[in-house]
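model.cif (mmCIF, C-alpha atoms) appears below.
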```
data_start
loop_
_atom_site.label_atom_id
_atom_site.label_comp_id
_atom_site.auth_asym_id
_atom_site.auth_seq_id
_atom_site.Cartn_x
_atom_site.Cartn_y
_atom_site.Cartn_z
CA ASP A 13 -19.69 15.42 -9.22
CA GLN A 14 -22.04 14.66 -6.32
CA ALA A 15 -19.34 13.06 -4.18
CA ILE A 16 -17.17 16.17 -4.35
CA ALA A 17 -20.19 18.36 -3.53
CA ALA A 18 -21.02 16.16 -0.54
CA CYS A 19 -17.44 16.47 0.73
CA GLU A 20 -17.52 20.24 0.30
CA SER A 21 -20.82 20.44 2.18
CA TYR A 22 -19.42 18.42 5.07
CA LEU A 23 -16.12 20.33 5.07
CA ALA A 24 -18.03 23.62 5.39
CA SER A 25 -18.78 22.68 8.99
CA HIS A 26 -15.72 20.44 9.60
CA PRO A 27 -12.88 22.15 7.66
CA THR A 28 -10.01 20.16 9.19
CA ASP A 29 -11.59 16.70 9.09
CA LEU A 30 -8.76 14.63 7.65
CA ARG A 31 -10.94 11.83 6.31
CA ALA A 32 -13.20 14.26 4.46
CA LEU A 33 -10.19 16.14 3.05
CA ALA A 34 -8.62 12.89 1.87
CA MET A 35 -11.89 11.76 0.30
CA LYS A 36 -12.32 15.07 -1.53
CA ALA A 37 -8.73 14.88 -2.80
CA ASP A 38 -9.32 11.31 -3.99
CA PHE A 39 -12.61 12.18 -5.71
CA LEU A 40 -10.97 15.14 -7.45
CA ALA A 41 -8.02 13.02 -8.63
CA ARG A 42 -10.32 10.28 -9.92
CA SER A 43 -12.34 12.90 -11.78
CA GLY A 44 -9.22 14.06 -13.60
CA PHE A 45 -8.41 16.99 -11.33
CA LYS A 46 -5.17 15.56 -9.94
CA GLU A 47 -3.54 18.92 -9.27
CA GLU A 48 -6.57 20.20 -7.34
CA GLY A 49 -6.61 16.97 -5.31
CA ALA A 50 -2.92 17.38 -4.58
CA ARG A 51 -3.50 20.93 -3.35
CA ILE A 52 -6.14 19.64 -0.92
CA LEU A 53 -3.67 17.05 0.40
CA LEU A 54 -0.97 19.70 0.74
CA ALA A 55 -3.33 21.93 2.72
CA ALA A 56 -4.26 18.93 4.88
CA ALA A 57 -0.55 18.25 5.48
CA ASP A 58 -0.08 21.83 6.64
CA SER A 59 -3.01 21.60 9.06
CA HIS A 60 -2.05 18.08 10.23
CA PRO A 61 1.76 18.05 10.65
CA GLU A 62 1.41 14.91 12.77
CA PHE A 63 0.74 13.00 9.52
CA PRO A 64 3.87 13.45 7.36
CA PHE A 65 2.58 10.93 4.81
CA LEU A 66 0.24 13.63 3.53
CA HIS A 67 3.19 15.45 1.97
CA ALA A 68 4.14 12.28 0.10
CA GLY A 69 0.53 11.86 -1.03
CA ALA A 70 0.40 15.43 -2.31
CA GLY A 71 3.76 15.04 -4.04
CA THR A 72 2.64 11.82 -5.70
CA GLU A 73 -0.54 13.48 -7.00
CA PHE A 74 1.42 16.46 -8.35
CA LEU A 75 3.75 13.97 -10.06
CA ARG A 76 0.75 12.18 -11.62
CA ALA A 77 -0.53 15.57 -12.76
CA GLY A 78 2.72 16.10 -14.66
CA ARG A 79 4.11 18.69 -12.27
CA PRO A 80 7.40 17.21 -10.96
CA GLU A 81 8.75 20.60 -9.83
CA VAL A 82 5.69 21.19 -7.60
CA ALA A 83 5.81 17.55 -6.50
CA LEU A 84 9.36 18.03 -5.29
CA GLU A 85 8.30 20.98 -3.14
CA ALA A 86 5.43 18.94 -1.68
CA PHE A 87 7.68 15.97 -0.88
CA GLY A 88 10.02 18.18 1.10
CA PRO A 89 13.82 18.09 1.26
CA THR A 90 14.42 14.53 2.47
CA PRO A 91 12.33 11.47 1.65
CA ARG A 92 11.24 9.26 4.51
CA MET A 93 12.26 5.63 4.17
CA GLU A 94 10.59 3.88 7.07
CA GLY A 95 7.61 1.59 6.83
CA GLY A 96 5.08 2.49 4.16
CA ALA A 97 6.95 5.68 3.26
CA ILE A 98 9.05 3.85 0.64
CA GLU A 99 6.41 4.54 -2.02
CA GLY A 100 6.61 8.27 -1.40
CA ALA A 101 10.41 8.11 -1.47
CA LEU A 102 10.33 6.33 -4.85
CA ASN A 103 8.01 9.01 -6.22
CA HIS A 104 10.31 11.69 -4.78
CA GLY A 105 13.15 10.05 -6.71
CA ALA A 106 11.01 9.88 -9.86
CA ALA A 107 10.35 13.64 -9.61
CA LEU A 108 14.09 14.27 -9.32
CA LEU A 109 14.70 12.02 -12.32
CA LEU A 110 12.14 13.90 -14.43
CA LEU A 111 13.81 17.18 -13.48
CA GLY A 112 17.21 15.91 -14.62
CA ARG A 113 18.62 15.56 -11.11
CA THR A 114 19.68 12.01 -11.88
CA ARG A 115 22.46 11.56 -9.31
CA GLU A 116 20.10 12.60 -6.47
CA ALA A 117 17.44 10.24 -7.81
CA ILE A 118 19.92 7.36 -7.91
CA ASP A 119 20.82 7.99 -4.27
CA ILE A 120 17.15 7.81 -3.27
CA PHE A 121 16.51 4.63 -5.28
CA GLN A 122 19.58 2.97 -3.75
CA GLN A 123 18.48 3.95 -0.23
CA ALA A 124 15.01 2.57 -0.92
CA LEU A 125 16.52 -0.71 -2.14
CA GLU A 126 18.59 -0.98 1.04
CA LYS A 127 15.33 -0.81 3.03
CA ALA A 128 13.23 -2.90 0.63
CA PRO A 129 15.40 -4.88 -1.83
CA GLU A 130 12.36 -6.61 -3.35
CA ARG A 131 10.87 -3.40 -4.78
CA GLY A 132 10.72 -3.89 -8.53
CA GLU A 133 9.74 -0.28 -9.20
CA ALA A 134 12.86 0.91 -7.35
CA LEU A 135 15.00 -1.34 -9.55
CA ASN A 136 13.17 -0.11 -12.65
CA ASN A 137 13.65 3.55 -11.71
CA LEU A 138 17.30 2.93 -10.88
CA GLY A 139 17.75 1.27 -14.27
CA VAL A 140 16.11 4.22 -16.04
CA ALA A 141 18.39 6.61 -14.14
CA TYR A 142 21.45 4.65 -15.24
CA LEU A 143 20.16 4.77 -18.83
CA GLN A 144 20.02 8.55 -18.53
CA MET A 145 23.60 8.56 -17.26
CA ASP A 146 24.71 6.42 -20.24
CA GLU A 147 25.58 3.44 -18.04
CA PRO A 148 24.02 0.59 -20.06
CA LYS A 149 25.53 -2.27 -18.03
CA LEU A 150 24.18 -0.92 -14.73
CA ALA A 151 20.86 -0.10 -16.42
CA ALA A 152 20.53 -3.61 -17.87
CA SER A 153 21.43 -5.25 -14.55
CA ASN A 154 18.82 -3.32 -12.56
CA LEU A 155 16.12 -3.57 -15.21
CA ALA A 156 16.66 -7.34 -15.56
CA ARG A 157 16.35 -7.71 -11.77
CA ALA A 158 13.17 -5.61 -11.87
CA ALA A 159 11.71 -7.77 -14.65
CA LYS A 160 12.34 -10.91 -12.56
CA ARG A 161 10.40 -9.44 -9.65
CA VAL A 162 7.53 -7.71 -11.47
CA ASP A 163 5.89 -8.68 -14.75
CA SER A 164 5.32 -5.22 -16.18
CA PRO A 165 5.14 -3.97 -19.77
CA ARG A 166 6.78 -0.73 -18.62
CA ILE A 167 9.79 -2.60 -17.22
CA ARG A 168 10.09 -4.73 -20.37
CA LEU A 169 9.91 -1.57 -22.50
CA ASN A 170 12.65 0.07 -20.43
CA LEU A 171 14.79 -3.05 -20.71
CA ALA A 172 14.36 -2.95 -24.50
CA LYS A 173 15.78 0.59 -24.51
CA VAL A 174 19.14 -0.60 -23.18
CA PRO A 175 21.62 -0.51 -26.06
CA LYS A 176 22.96 -3.91 -26.92
CA ALA A 177 26.68 -4.34 -26.49
CA PRO A 178 28.46 -4.72 -29.80
CA PRO A 179 29.44 -8.31 -30.50
CA ARG A 180 32.93 -9.17 -29.42
CA PRO A 181 35.24 -9.95 -32.30
CA ARG A 182 35.97 -13.62 -32.57
CA ALA A 183 39.52 -14.81 -32.66
CA LYS A 184 40.42 -16.07 -36.07
CA LYS A 185 41.45 -19.65 -36.31
CA PRO A 186 44.88 -20.05 -37.75
CA ALA A 187 44.71 -21.22 -41.31
CA ALA A 188 46.05 -24.67 -41.97
CA ARG A 189 49.31 -24.52 -43.82
CA LYS A 190 50.01 -26.83 -46.61
CA LYS A 191 53.25 -28.59 -46.52
CA SER A 192 55.13 -28.36 -49.67
CA ASN A 193 56.16 -31.66 -51.19
CA PRO A 194 59.95 -31.97 -51.52
#
```

Go through the file and emit its structure as structure tokens.
Amino acid sequence: DQAIAACESYLASHPTDLRALAMKADFLARSGFKEEGARILLAAADSHPEFPFLHAGAGTEFLRAGRPEVALEAFGPTPRMEGGAIEGALNHGAALLLLGRTREAIDIFQQALEKAPERGEALNNLGVAYLQMDEPKLAASNLARAAKRVDSPRIRLNLAKVPKAPPRPRAKKPAARKKSNP
């Protein structure tokens, strides 16, 4: 791709230029090379520690590339929850969820919802986590709240996966008794 080649040419003389590194990572990801793009972002994060969001960006790209274990390493030990970092925190939680670390993922989703209660994807992810923990009532509650906030086929599909509660048995009406004629 010409755009990637142009970035590489520029980076040959400006190897730490953050904008060029980010552009190359983006071009790679858009061209289907998500993991390579994530590696560029991770290298940029190492050379620019003043920009912690780069770790979240790299983690998110690794997650999109289907590598949740590598994503978790890129995200680092503790997700940031301030400002625009909520998105990275949600993806950190999603990586944990994919790796079967459901309780940790739930903690992250709950923290994210404390900071940004309107986030439909946090409610969706929390609902999915509760489904994995076999907590259908909590799953249904969070997924229904997510569906009210965001019109998404994915959320509706997750909501459809919640097992329906068995119908409650109805109380039988007492049968009318016939009076015997004396």

- [ ] Please indicate the distance in Å from atom CA of Ala124 of chain A to atom CA of His104 of chain A, rounded to one decimal place.
- [x] 11.0 Å

Task: Which of A:Pro165, A:Cys19, A:Gly44, A:Ala158 sits closest to Glu130 of chain A [using only C-alpha atoms] - done: A:Ala158

- [ ] Could you give me, as a PyMOL selection string, the residues within 10 Å of Met35 of chain A, counting all atoms listed in the file and dropping anything in the same chain fewer than 4 positions from it?
- [x] chain A and resi 15-16+19+30-31+39-41+49+52-53

Task: Evaluate the PyMOL selection byres ((chain A and resi 54) around 8) and report residues as a PyMOL selection string - done: chain A and resi 50-53+55-58+66-67+70+86

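Near (18.7, -2.1, -14.3), the residues inside the 6 Å limit, counting all atoms listed in the file, come to Gly139, Leu150, Ala151, Ala152, Ser153, Asn154, Leu155 and Ala156 of chain A.
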
Open item on the list: Which residues, named as in the file, does the PyMOL selection byres ((chain A and resi 133) around 10) pick out? Answer as a list in words.
Closed with: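 So the PyMOL selection byres ((chain A and resi 133) around 10), applied here, picks out Glu99, Leu102, Asn103, Phe121, Leu125, Glu130, Arg131, Gly132, Ala134, Leu135, Asn136, Asn137, Leu138, Gly139, Leu155, Ala158, Ala159, Arg161, Val162, Ser164, Arg166 and Ile167 of chain A.
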
Pull C-alpha atoms from the residues just selected and write them as an mmCIF file, in the coordinates of the input.
```cif
data_model
loop_
_atom_site.group_PDB
_atom_site.id
_atom_site.type_symbol
_atom_site.label_atom_id
_atom_site.label_comp_id
_atom_site.auth_asym_id
_atom_site.auth_seq_id
_atom_site.Cartn_x
_atom_site.Cartn_y
_atom_site.Cartn_z
ATOM 1 C CA GLU A 99 6.410 4.540 -2.020
ATOM 2 C CA LEU A 102 10.330 6.330 -4.850
ATOM 3 C CA ASN A 103 8.010 9.010 -6.220
ATOM 4 C CA PHE A 121 16.510 4.630 -5.280
ATOM 5 C CA LEU A 125 16.520 -0.710 -2.140
ATOM 6 C CA GLU A 130 12.360 -6.610 -3.350
ATOM 7 C CA ARG A 131 10.870 -3.400 -4.780
ATOM 8 C CA GLY A 132 10.720 -3.890 -8.530
ATOM 9 C CA ALA A 134 12.860 0.910 -7.350
ATOM 10 C CA LEU A 135 15.000 -1.340 -9.550
ATOM 11 C CA ASN A 136 13.170 -0.110 -12.650
ATOM 12 C CA ASN A 137 13.650 3.550 -11.710
ATOM 13 C CA LEU A 138 17.300 2.930 -10.880
ATOM 14 C CA GLY A 139 17.750 1.270 -14.270
ATOM 15 C CA LEU A 155 16.120 -3.570 -15.210
ATOM 16 C CA ALA A 158 13.170 -5.610 -11.870
ATOM 17 C CA ALA A 159 11.710 -7.770 -14.650
ATOM 18 C CA ARG A 161 10.400 -9.440 -9.650
ATOM 19 C CA VAL A 162 7.530 -7.710 -11.470
ATOM 20 C CA SER A 164 5.320 -5.220 -16.180
ATOM 21 C CA ARG A 166 6.780 -0.730 -18.620
ATOM 22 C CA ILE A 167 9.790 -2.600 -17.220
#
```

- [ ] State, in Å with one decimal place, the distance from atom CA of Lys46 of chain A to atom CA of Phe63 of chain A.
- [x] 20.5 Å

Open item on the list: I'd like the contact shell of Gly88 of chain A - 10 Å cut-off, all atoms listed in the file, skipping same-chain residues fewer than 2 positions apart - returned as a PyMOL selection string.
Closed with: chain A and resi 64+67-68+71+83-86+90-92+104

Write a file of the just-selected residues containing C-alpha atoms, as a tab-separated table (two decimals), in the frame of the given file.
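And here's result28.tsv as it stands now:
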```tsv
chain	number	residue	atom	x	y	z
A	64	PRO	CA	3.87	13.45	7.36
A	67	HIS	CA	3.19	15.45	1.97
A	68	ALA	CA	4.14	12.28	0.10
A	71	GLY	CA	3.76	15.04	-4.04
A	83	ALA	CA	5.81	17.55	-6.50
A	84	LEU	CA	9.36	18.03	-5.29
A	85	GLU	CA	8.30	20.98	-3.14
A	86	ALA	CA	5.43	18.94	-1.68
A	90	THR	CA	14.42	14.53	2.47
A	91	PRO	CA	12.33	11.47	1.65
A	92	ARG	CA	11.24	9.26	4.51
A	104	HIS	CA	10.31	11.69	-4.78
```

Task: Atomic distance atom CA of Arg157 of chain A - atom CA of Lys176 of chain A, expressed in Å with one decimal - done: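 Computing the Euclidean distance for atom CA of Arg157 of chain A and atom CA of Lys176 of chain A yields 17.0 Å.
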
Open item on the list: Could you check the closest approach to Lys36 of chain A for each of A:Ala77, A:Ala18, A:Ala172, A:Met145 and tell me which residue wins, using only C-alpha atoms?
Closed with: A:Ala18

Task: Best match for closeness to Pro89 of chain A among A:Leu75, A:Gly105, A:Thr114, A:Ala141, counting only C-alpha atoms - done: A:Gly105

TODO: Choose the residue, out of A:Leu33, A:Phe45, A:Pro148, A:Ala128, that has the smallest atom-to-atom separation from Glu94 of chain A; count all atoms listed in the file.
DONE: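 Looking only at the distances to Glu94 of chain A, the closest residue turns out to be A:Ala128.
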
Open item on the list: Using all atoms listed in the file, can you tell me which of A:Glu81, A:Asp29, A:Glu73, A:Lys160 comes closest to His60 of chain A?
Closed with: A:Asp29

Open item on the list: Between A:Ile120, A:Val174, A:Ala97, A:Ala106, which residue has the minimum interatomic distance to Leu143 of chain A, considering only C-alpha atoms?
Closed with: A:Val174
